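Enquirer: Have a peek at my_file-v1.tsv (TSV, C-alpha atoms).
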chain	number	residue	atom	x	y	z
A	1	MET	CA	-53.68	50.82	4.98
A	2	PHE	CA	-51.41	51.94	7.80
A	3	GLU	CA	-48.07	50.42	8.77
A	4	ILE	CA	-45.88	51.12	11.80
A	5	ASP	CA	-42.56	49.56	12.75
A	6	TYR	CA	-39.08	50.37	14.02
A	7	GLY	CA	-36.47	51.58	11.53
A	8	ASP	CA	-32.77	50.71	11.51
A	9	ASP	CA	-31.86	53.53	13.90
A	10	GLY	CA	-34.67	52.96	16.38
A	11	GLU	CA	-36.99	55.55	14.91
A	12	VAL	CA	-40.62	54.65	14.42
A	13	MET	CA	-41.50	54.48	10.72
A	14	CYS	CA	-45.14	55.27	9.91
A	15	SER	CA	-46.64	54.86	6.47
A	16	GLY	CA	-50.01	55.04	4.76
A	17	ARG	CA	-53.17	56.49	6.22
A	18	LEU	CA	-53.73	56.81	9.96
A	19	ASP	CA	-57.52	57.04	10.14
A	20	ALA	CA	-60.06	55.89	12.70
A	21	SER	CA	-60.06	52.34	11.33
A	22	GLN	CA	-56.31	51.98	12.01
A	23	CYS	CA	-56.21	53.37	15.53
A	24	ALA	CA	-56.14	50.05	17.37
A	25	LYS	CA	-53.01	49.04	15.44
A	26	ALA	CA	-51.30	52.37	16.07
A	27	GLN	CA	-52.29	52.50	19.74
A	28	SER	CA	-51.04	48.97	20.37
A	29	PHE	CA	-47.60	49.90	19.00
A	30	MET	CA	-47.44	53.25	20.79
A	31	ASP	CA	-48.31	51.66	24.12
A	32	GLU	CA	-44.98	49.79	23.99
A	33	ILE	CA	-42.88	52.96	23.58
A	34	ALA	CA	-41.25	53.80	26.91
A	35	ASP	CA	-38.66	56.48	26.12
A	36	THR	CA	-38.05	59.47	23.87
A	37	ARG	CA	-38.58	58.38	20.30
A	38	THR	CA	-38.66	59.93	16.84
A	39	LEU	CA	-41.63	59.19	14.59
A	40	ASP	CA	-40.67	59.35	10.91
A	41	PHE	CA	-43.68	60.51	8.90
A	42	SER	CA	-41.92	60.59	5.52
A	43	ARG	CA	-44.27	57.90	4.21
A	44	LEU	CA	-47.33	58.86	6.21
A	45	GLU	CA	-49.85	60.32	3.75
A	46	TYR	CA	-52.75	61.19	6.00
A	47	ILE	CA	-53.85	61.62	9.59
A	48	SER	CA	-57.21	62.49	11.13
A	49	SER	CA	-58.30	63.55	14.61
A	50	ALA	CA	-58.41	59.88	15.58
A	51	GLY	CA	-54.67	59.62	14.91
A	52	LEU	CA	-54.02	62.87	16.73
A	53	GLY	CA	-55.71	61.37	19.77
A	54	ILE	CA	-53.22	58.51	19.82
A	55	LEU	CA	-50.26	60.86	19.53
A	56	LEU	CA	-51.61	63.03	22.34
A	57	LYS	CA	-52.30	60.10	24.65
A	58	THR	CA	-48.79	58.75	24.09
A	59	GLN	CA	-47.16	62.16	24.55
A	60	LYS	CA	-48.97	62.69	27.86
A	61	ARG	CA	-47.91	59.26	29.13
A	62	LEU	CA	-44.27	59.76	28.12
A	63	ALA	CA	-44.18	63.25	29.67
A	64	GLU	CA	-44.78	61.69	33.08
A	65	SER	CA	-41.31	60.11	32.86
A	66	GLY	CA	-39.64	63.08	31.17
A	67	SER	CA	-39.72	61.52	27.71
A	68	ALA	CA	-41.39	62.69	24.52
A	69	LEU	CA	-42.31	61.88	20.95
A	70	ARG	CA	-40.58	63.83	18.21
A	71	ILE	CA	-42.06	63.89	14.75
A	72	THR	CA	-40.01	64.35	11.59
A	73	ASN	CA	-40.54	64.51	7.82
A	74	VAL	CA	-44.11	65.79	8.11
A	75	ASN	CA	-45.81	66.62	4.80
A	76	ASN	CA	-47.60	69.94	4.23
A	77	HIS	CA	-51.10	68.54	4.66
A	78	ILE	CA	-50.37	66.78	7.93
A	79	TYR	CA	-48.52	69.86	9.14
A	80	ASP	CA	-51.70	71.86	8.53
A	81	VAL	CA	-53.64	69.40	10.68
A	82	PHE	CA	-51.07	69.85	13.46
A	83	ARG	CA	-51.30	73.62	13.15
A	84	TYR	CA	-55.09	73.74	13.27
A	85	SER	CA	-54.97	71.48	16.33
A	86	GLY	CA	-52.23	73.42	18.11
A	87	PHE	CA	-50.10	70.27	18.15
A	88	ASN	CA	-47.14	72.22	16.78
A	89	ALA	CA	-46.84	73.71	20.28
A	90	ILE	CA	-46.84	70.42	22.20
A	91	PHE	CA	-44.75	68.29	19.83
A	92	ASP	CA	-41.28	68.84	18.39
A	93	ILE	CA	-42.22	68.69	14.70
A	94	LYS	CA	-39.92	68.92	11.72
A	95	ALA	CA	-41.36	69.35	8.25
A	96	LYS	CA	-40.39	67.26	5.25
A	97	GLU	CA	-37.51	68.93	3.41
B	1	MET	CA	-72.53	60.35	-7.34
B	2	LEU	CA	-74.26	58.81	-4.32
B	3	ARG	CA	-73.31	55.67	-2.46
B	4	HIS	CA	-74.31	54.23	0.88
B	5	PHE	CA	-71.90	52.81	3.42
B	6	ALA	CA	-72.26	50.60	6.47
B	7	ARG	CA	-72.15	52.47	9.74
B	8	ASN	CA	-68.73	51.41	11.03
B	9	TYR	CA	-65.11	52.53	10.82
B	10	ASP	CA	-64.26	49.70	8.44
B	11	SER	CA	-66.18	51.62	5.76
B	12	LEU	CA	-63.52	54.34	5.71
B	13	ALA	CA	-61.31	52.59	3.14
B	14	ALA	CA	-64.26	52.12	0.77
B	15	ILE	CA	-65.34	55.75	1.23
B	16	TYR	CA	-61.80	56.88	0.46
B	17	GLU	CA	-61.68	54.79	-2.73
B	18	PHE	CA	-65.15	55.94	-3.79
B	19	ALA	CA	-64.28	59.64	-3.45
B	20	GLU	CA	-60.76	59.25	-4.79
B	21	THR	CA	-62.07	57.79	-8.07
B	22	ILE	CA	-64.41	60.75	-8.60
B	23	LEU	CA	-61.80	63.35	-7.62
B	24	ALA	CA	-59.18	61.76	-9.88
B	25	ASP	CA	-61.61	61.71	-12.81
B	26	HIS	CA	-61.99	65.47	-12.41
B	27	GLU	CA	-58.24	66.00	-11.90
B	28	ILE	CA	-58.75	67.51	-8.45
B	29	GLY	CA	-55.32	68.14	-6.92
B	30	GLU	CA	-53.95	66.81	-3.64
B	31	ALA	CA	-54.33	70.22	-1.98
B	32	VAL	CA	-58.11	69.81	-2.21
B	33	ARG	CA	-58.31	66.01	-2.00
B	34	PHE	CA	-56.60	65.86	1.41
B	35	PRO	CA	-59.03	68.20	3.21
B	36	VAL	CA	-61.99	66.59	1.42
B	37	HIS	CA	-60.97	63.14	2.69
B	38	LEU	CA	-60.31	64.53	6.16
B	39	ALA	CA	-63.68	66.29	6.34
B	40	MET	CA	-65.46	63.16	5.10
B	41	GLU	CA	-63.80	61.00	7.75
B	42	GLU	CA	-64.46	63.42	10.59
B	43	LEU	CA	-68.15	63.63	9.64
B	44	PHE	CA	-68.59	59.92	9.01
B	45	THR	CA	-66.89	58.85	12.25
B	46	ASN	CA	-68.90	61.47	14.11
B	47	MET	CA	-72.12	59.98	12.75
B	48	VAL	CA	-70.99	56.47	13.73
B	49	LYS	CA	-69.93	57.60	17.20
B	50	TYR	CA	-72.92	59.73	18.16
B	51	SER	CA	-75.76	57.66	16.75
B	52	PRO	CA	-74.84	54.21	18.02
B	53	ASP	CA	-78.48	53.07	18.14
B	54	SER	CA	-79.05	53.70	14.45
B	55	ASP	CA	-78.36	50.73	12.20
B	56	GLY	CA	-79.05	52.53	8.92
B	57	GLU	CA	-76.39	53.14	6.33
B	58	ILE	CA	-74.86	56.57	5.75
B	59	GLY	CA	-75.24	58.15	2.31
B	60	VAL	CA	-72.21	59.89	0.81
B	61	ASP	CA	-72.71	62.04	-2.28
B	62	VAL	CA	-69.69	63.59	-4.04
B	63	VAL	CA	-70.18	66.24	-6.71
B	64	VAL	CA	-67.46	68.15	-8.56
B	65	ASP	CA	-68.33	71.44	-10.23
B	66	GLY	CA	-65.36	73.17	-11.78
B	67	GLY	CA	-62.69	73.13	-9.07
B	68	ALA	CA	-65.18	72.90	-6.22
B	69	VAL	CA	-65.96	69.63	-4.48
B	70	THR	CA	-69.25	69.33	-2.61
B	71	VAL	CA	-69.90	66.35	-0.36
B	72	THR	CA	-73.21	65.53	1.32
B	73	LEU	CA	-73.52	62.97	4.10
B	74	THR	CA	-77.02	61.85	5.03
B	75	GLU	CA	-78.32	59.60	7.78
B	76	ASP	CA	-81.86	58.77	8.88
B	77	ASP	CA	-83.55	58.16	12.21
B	78	VAL	CA	-80.97	60.02	14.29
B	79	ASP	CA	-80.98	62.80	16.87
B	80	GLU	CA	-80.00	66.32	15.90
B	81	PHE	CA	-76.27	67.09	15.97
B	82	ASP	CA	-75.39	70.44	14.43
B	83	VAL	CA	-71.78	70.26	13.28
B	84	THR	CA	-71.77	73.94	12.32
B	85	ARG	CA	-72.16	75.03	15.95
B	86	PRO	CA	-68.93	76.60	17.23
B	87	ARG	CA	-66.94	74.28	19.48
B	88	ASP	CA	-65.07	75.41	22.55
B	89	VAL	CA	-61.67	73.96	21.69
B	90	ASP	CA	-58.58	75.54	23.22
B	91	THR	CA	-55.82	74.77	20.73
B	92	SER	CA	-53.35	76.76	22.82
B	93	ALA	CA	-53.78	74.50	25.86
B	94	SER	CA	-50.65	72.93	27.32
B	95	LEU	CA	-49.95	69.21	27.06
B	96	ALA	CA	-51.02	68.72	30.68
B	97	GLU	CA	-54.33	70.48	30.04
B	98	ARG	CA	-55.12	68.54	26.90
B	99	THR	CA	-57.52	65.63	26.76
B	100	PRO	CA	-58.00	63.38	23.73
B	101	GLY	CA	-61.13	64.04	21.68
B	102	GLY	CA	-63.09	67.03	20.48
B	103	LEU	CA	-60.76	67.99	17.67
B	104	GLY	CA	-62.64	66.40	14.80
B	105	ILE	CA	-65.38	69.02	14.40
B	106	HIS	CA	-62.88	71.79	15.09
B	107	LEU	CA	-60.70	70.52	12.23
B	108	LEU	CA	-63.72	70.13	9.97
B	109	GLN	CA	-64.83	73.71	10.56
B	110	ASN	CA	-61.36	75.00	9.74
B	111	ILE	CA	-60.56	73.03	6.59
B	112	VAL	CA	-63.73	73.41	4.52
B	113	ASP	CA	-64.89	76.55	2.72
B	114	LYS	CA	-68.60	76.06	3.34
B	115	LEU	CA	-70.42	73.92	5.90
B	116	GLU	CA	-74.18	73.48	6.23
B	117	TYR	CA	-76.40	71.35	8.43
B	118	GLU	CA	-80.03	70.37	7.87
B	119	TYR	CA	-82.26	68.38	10.23
B	120	GLN	CA	-85.81	67.41	9.42
B	121	ASN	CA	-87.98	64.40	10.27
B	122	ARG	CA	-85.03	62.78	12.06
B	123	ARG	CA	-82.96	63.00	8.87
B	124	SER	CA	-79.57	64.60	9.36
B	125	ARG	CA	-77.73	66.06	6.39
B	126	VAL	CA	-74.31	67.73	6.32
B	127	ILE	CA	-73.08	69.48	3.20
B	128	PHE	CA	-69.56	70.82	2.84
B	129	THR	CA	-67.68	72.41	-0.04
B	130	LYS	CA	-63.97	72.63	-0.63
B	131	GLU	CA	-62.71	74.82	-3.44
B	132	SER	CA	-59.38	74.99	-5.21
B	133	GLY	CA	-56.84	77.63	-4.28
B	134	TYR	CA	-56.21	76.12	-0.86
B	135	GLN	CA	-53.18	77.54	0.93
B	136	HIS	CA	-51.13	75.78	3.57
B	137	VAL	CA	-50.91	77.56	6.89
B	138	ARG	CA	-47.23	76.92	7.53
B	139	ASP	CA	-45.42	79.65	9.43
So that I can check it, write out the structure of this file as structure tokens.
Expert:
Amino acid sequence: MFEIDYGDDGEVMCSGRLDASQCAKAQSFMDEIADTRTLDFSRLEYISSAGLGILLKTQKRLAESGSALRITNVNNHIYDVFRYSGFNAIFDIKAKE
Amino acid sequence: MLRHFARNYDSLAAIYEFAETILADHEIGEAVRFPVHLAMEELFTNMVKYSPDSDGEIGVDVVVDGGAVTVTLTEDDVDEFDVTRPRDVDTSASLAERTPGGLGIHLLQNIVDKLEYEYQNRRSRVIFTKESGYQHVRD
């Protein structure tokens, strides 16, 4: 199960497992983001390459208008996925404290 | 333990639950469970994506021996697709140079300890092993 919604401060709260079966839901939400936004991954347990594809597509679209996604509260396992993918160089990522 | 799953992305939740039950029974920690689930998804979705004409189910076999988890995915009547072949993925590419896709096999090859591919009589079989003692790669 994957859930995505806005938090009280305008950040995007993601939770659960972002796998290939949940991509349509995630992509639909991301397509509505039009400015710089923080994704809070504190409750996101898992992401696969399918989820990375959505983040990349959104980041490329936002970059055209000078905006960007920032990602915060990333757990160790998801951080590893970002590292192996080189996403730590194209996203502003903050690990979970 | 072997189970067969329908060839579509909606099977991912059932595959996760199937493997999670076995891994929990053997007290396999999160540091191994995460990459095992990730490798299983990348392989399963790859099989779904690249053999669209096959309507056969995909077999998933999970075996735990000590701290090592070995997973075998098998599909029949498909073309050869060697997942052990090195992929030309530039993970240092800039955002502008990046295109979505192609990361799944690259991730798979980096997160498992052993990866084998067998192809015979149009049967494709991928076997991977993940052992305990996994270390995060954080800077």
Enquirer: Could you list, as a PyMOL selection string, every residue of chain A that has an atom within 10 Å of an atom of chain B, counting all atoms listed in the file?
Expert: chain A and resi 1+17+19-22+45-50+52-57+59-60+63-64+76-91+95
Enquirer: Quick one, how far is CA of Ser51 in chain B from CA of Phe5 in chain B?
Expert: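 Spanning CA of Ser51 in chain B to CA of Phe5 in chain B is a straight-line distance of 14.7 Å.
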Enquirer: Could you jot down the CA of Asp76 in chain B to CA of Arg122 in chain B separation for me, Å, one decimal place?
Expert: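 Atom-to-atom, CA of Asp76 in chain B to CA of Arg122 in chain B, that is 6.0 Å.
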Enquirer: Enumerate, as a VMD selection string, the protein, DNA and RNA residues whose atoms approach (-72.8, 61.5, 11.8) to within 9 Å, taking into account all atoms listed in the file and the coordinate frame of the file.
Expert: chain B and resid 42 to 51 58 73 to 75 78 81 83 124 to 126
Enquirer: How far is it from CA of Ser67 in chain A to CA of Lys96 in chain A, in Å with one decimal?
Expert: 23.2 Å
Enquirer: Write out as a list in words which residues come within 10 Å of range 22-27 of chain B when counting only C-alpha atoms, dropping same-chain ones fewer than 4 positions away.
Expert: Met1, Glu17, Phe18, Val32, Arg33, Val36, Val62, Val63, Val64, Asp65, Gly66, Gly67 and Val69 of chain B
Enquirer: Any idea what's packed within 10 Å of range 41-43 of chain A, counting all atoms listed in the file, ignoring anything in its chain fewer than 4 positions away? Could you give it as a ChimeraX atom specification?
Expert: /A:2-3,12-17,71-75,78,94-97
Enquirer: Assuming the input is short of atoms at range 51-85 of chain B, produce N, CA and C atoms for that part as a compact mmCIF listing (two decimals), keeping the file's coordinate frame.
Expert:
# COMPACT_ATOMS: atom_id res chain seq x y z
N SER B 51 -74.45 58.28 16.97
CA SER B 51 -75.76 57.66 16.75
C SER B 51 -75.60 56.15 16.79
N PRO B 52 -75.14 55.64 17.94
CA PRO B 52 -74.84 54.21 18.02
C PRO B 52 -76.08 53.32 17.90
N ASP B 53 -77.27 53.89 18.18
CA ASP B 53 -78.48 53.07 18.14
C ASP B 53 -79.05 52.94 16.73
N SER B 54 -78.55 53.78 15.81
CA SER B 54 -79.05 53.70 14.45
C SER B 54 -78.30 52.61 13.70
N ASP B 55 -79.03 51.78 12.97
CA ASP B 55 -78.36 50.73 12.20
C ASP B 55 -78.44 51.01 10.70
N GLY B 56 -78.94 52.20 10.34
CA GLY B 56 -79.05 52.53 8.92
C GLY B 56 -77.71 52.91 8.32
N GLU B 57 -77.62 52.76 7.02
CA GLU B 57 -76.39 53.14 6.33
C GLU B 57 -76.29 54.65 6.23
N ILE B 58 -75.10 55.13 5.90
CA ILE B 58 -74.86 56.57 5.75
C ILE B 58 -74.62 56.84 4.27
N GLY B 59 -75.39 57.80 3.71
CA GLY B 59 -75.24 58.15 2.31
C GLY B 59 -74.13 59.18 2.13
N VAL B 60 -73.30 58.95 1.13
CA VAL B 60 -72.21 59.89 0.81
C VAL B 60 -72.34 60.26 -0.66
N ASP B 61 -72.53 61.55 -0.91
CA ASP B 61 -72.71 62.04 -2.28
C ASP B 61 -71.57 63.01 -2.59
N VAL B 62 -70.83 62.74 -3.65
CA VAL B 62 -69.69 63.59 -4.04
C VAL B 62 -69.97 64.20 -5.40
N VAL B 63 -69.92 65.53 -5.47
CA VAL B 63 -70.18 66.24 -6.71
C VAL B 63 -69.03 67.22 -6.96
N VAL B 64 -68.51 67.21 -8.18
CA VAL B 64 -67.46 68.15 -8.56
C VAL B 64 -68.01 69.11 -9.60
N ASP B 65 -67.87 70.40 -9.30
CA ASP B 65 -68.33 71.44 -10.23
C ASP B 65 -67.18 72.43 -10.43
N GLY B 66 -66.55 72.36 -11.58
CA GLY B 66 -65.36 73.17 -11.78
C GLY B 66 -64.27 72.66 -10.83
N GLY B 67 -63.71 73.55 -10.04
CA GLY B 67 -62.69 73.13 -9.07
C GLY B 67 -63.25 72.91 -7.69
N ALA B 68 -64.56 73.03 -7.54
CA ALA B 68 -65.18 72.90 -6.22
C ALA B 68 -65.74 71.50 -6.00
N VAL B 69 -65.46 70.95 -4.84
CA VAL B 69 -65.96 69.63 -4.48
C VAL B 69 -67.00 69.80 -3.38
N THR B 70 -68.19 69.28 -3.63
CA THR B 70 -69.25 69.33 -2.61
C THR B 70 -69.62 67.92 -2.20
N VAL B 71 -69.59 67.68 -0.91
CA VAL B 71 -69.90 66.35 -0.36
C VAL B 71 -71.08 66.48 0.58
N THR B 72 -72.04 65.57 0.44
CA THR B 72 -73.21 65.53 1.32
C THR B 72 -73.27 64.18 2.01
N LEU B 73 -73.35 64.21 3.33
CA LEU B 73 -73.52 62.97 4.10
C LEU B 73 -74.90 62.99 4.73
N THR B 74 -75.63 61.91 4.56
CA THR B 74 -77.02 61.85 5.03
C THR B 74 -77.24 60.59 5.86
N GLU B 75 -77.94 60.76 6.97
CA GLU B 75 -78.32 59.60 7.78
C GLU B 75 -79.74 59.81 8.29
N ASP B 76 -80.46 58.72 8.46
CA ASP B 76 -81.86 58.77 8.88
C ASP B 76 -82.05 58.20 10.28
N ASP B 77 -83.15 58.65 10.89
CA ASP B 77 -83.55 58.16 12.21
C ASP B 77 -82.47 58.40 13.26
N VAL B 78 -82.01 59.64 13.31
CA VAL B 78 -80.97 60.02 14.29
C VAL B 78 -81.38 61.29 15.00
N ASP B 79 -80.75 61.55 16.14
CA ASP B 79 -80.98 62.80 16.87
C ASP B 79 -80.23 63.94 16.18
N GLU B 80 -80.63 65.15 16.51
CA GLU B 80 -80.00 66.32 15.90
C GLU B 80 -78.59 66.50 16.45
N PHE B 81 -77.66 66.82 15.56
CA PHE B 81 -76.27 67.09 15.97
C PHE B 81 -75.69 68.09 14.97
N ASP B 82 -75.77 69.36 15.34
CA ASP B 82 -75.39 70.44 14.43
C ASP B 82 -73.87 70.62 14.42
N VAL B 83 -73.24 70.18 13.36
CA VAL B 83 -71.78 70.26 13.28
C VAL B 83 -71.27 71.66 12.95
N THR B 84 -72.21 72.57 12.62
CA THR B 84 -71.77 73.94 12.32
C THR B 84 -71.68 74.79 13.59
N ARG B 85 -72.20 74.28 14.69
CA ARG B 85 -72.16 75.03 15.95
C ARG B 85 -70.71 75.19 16.41
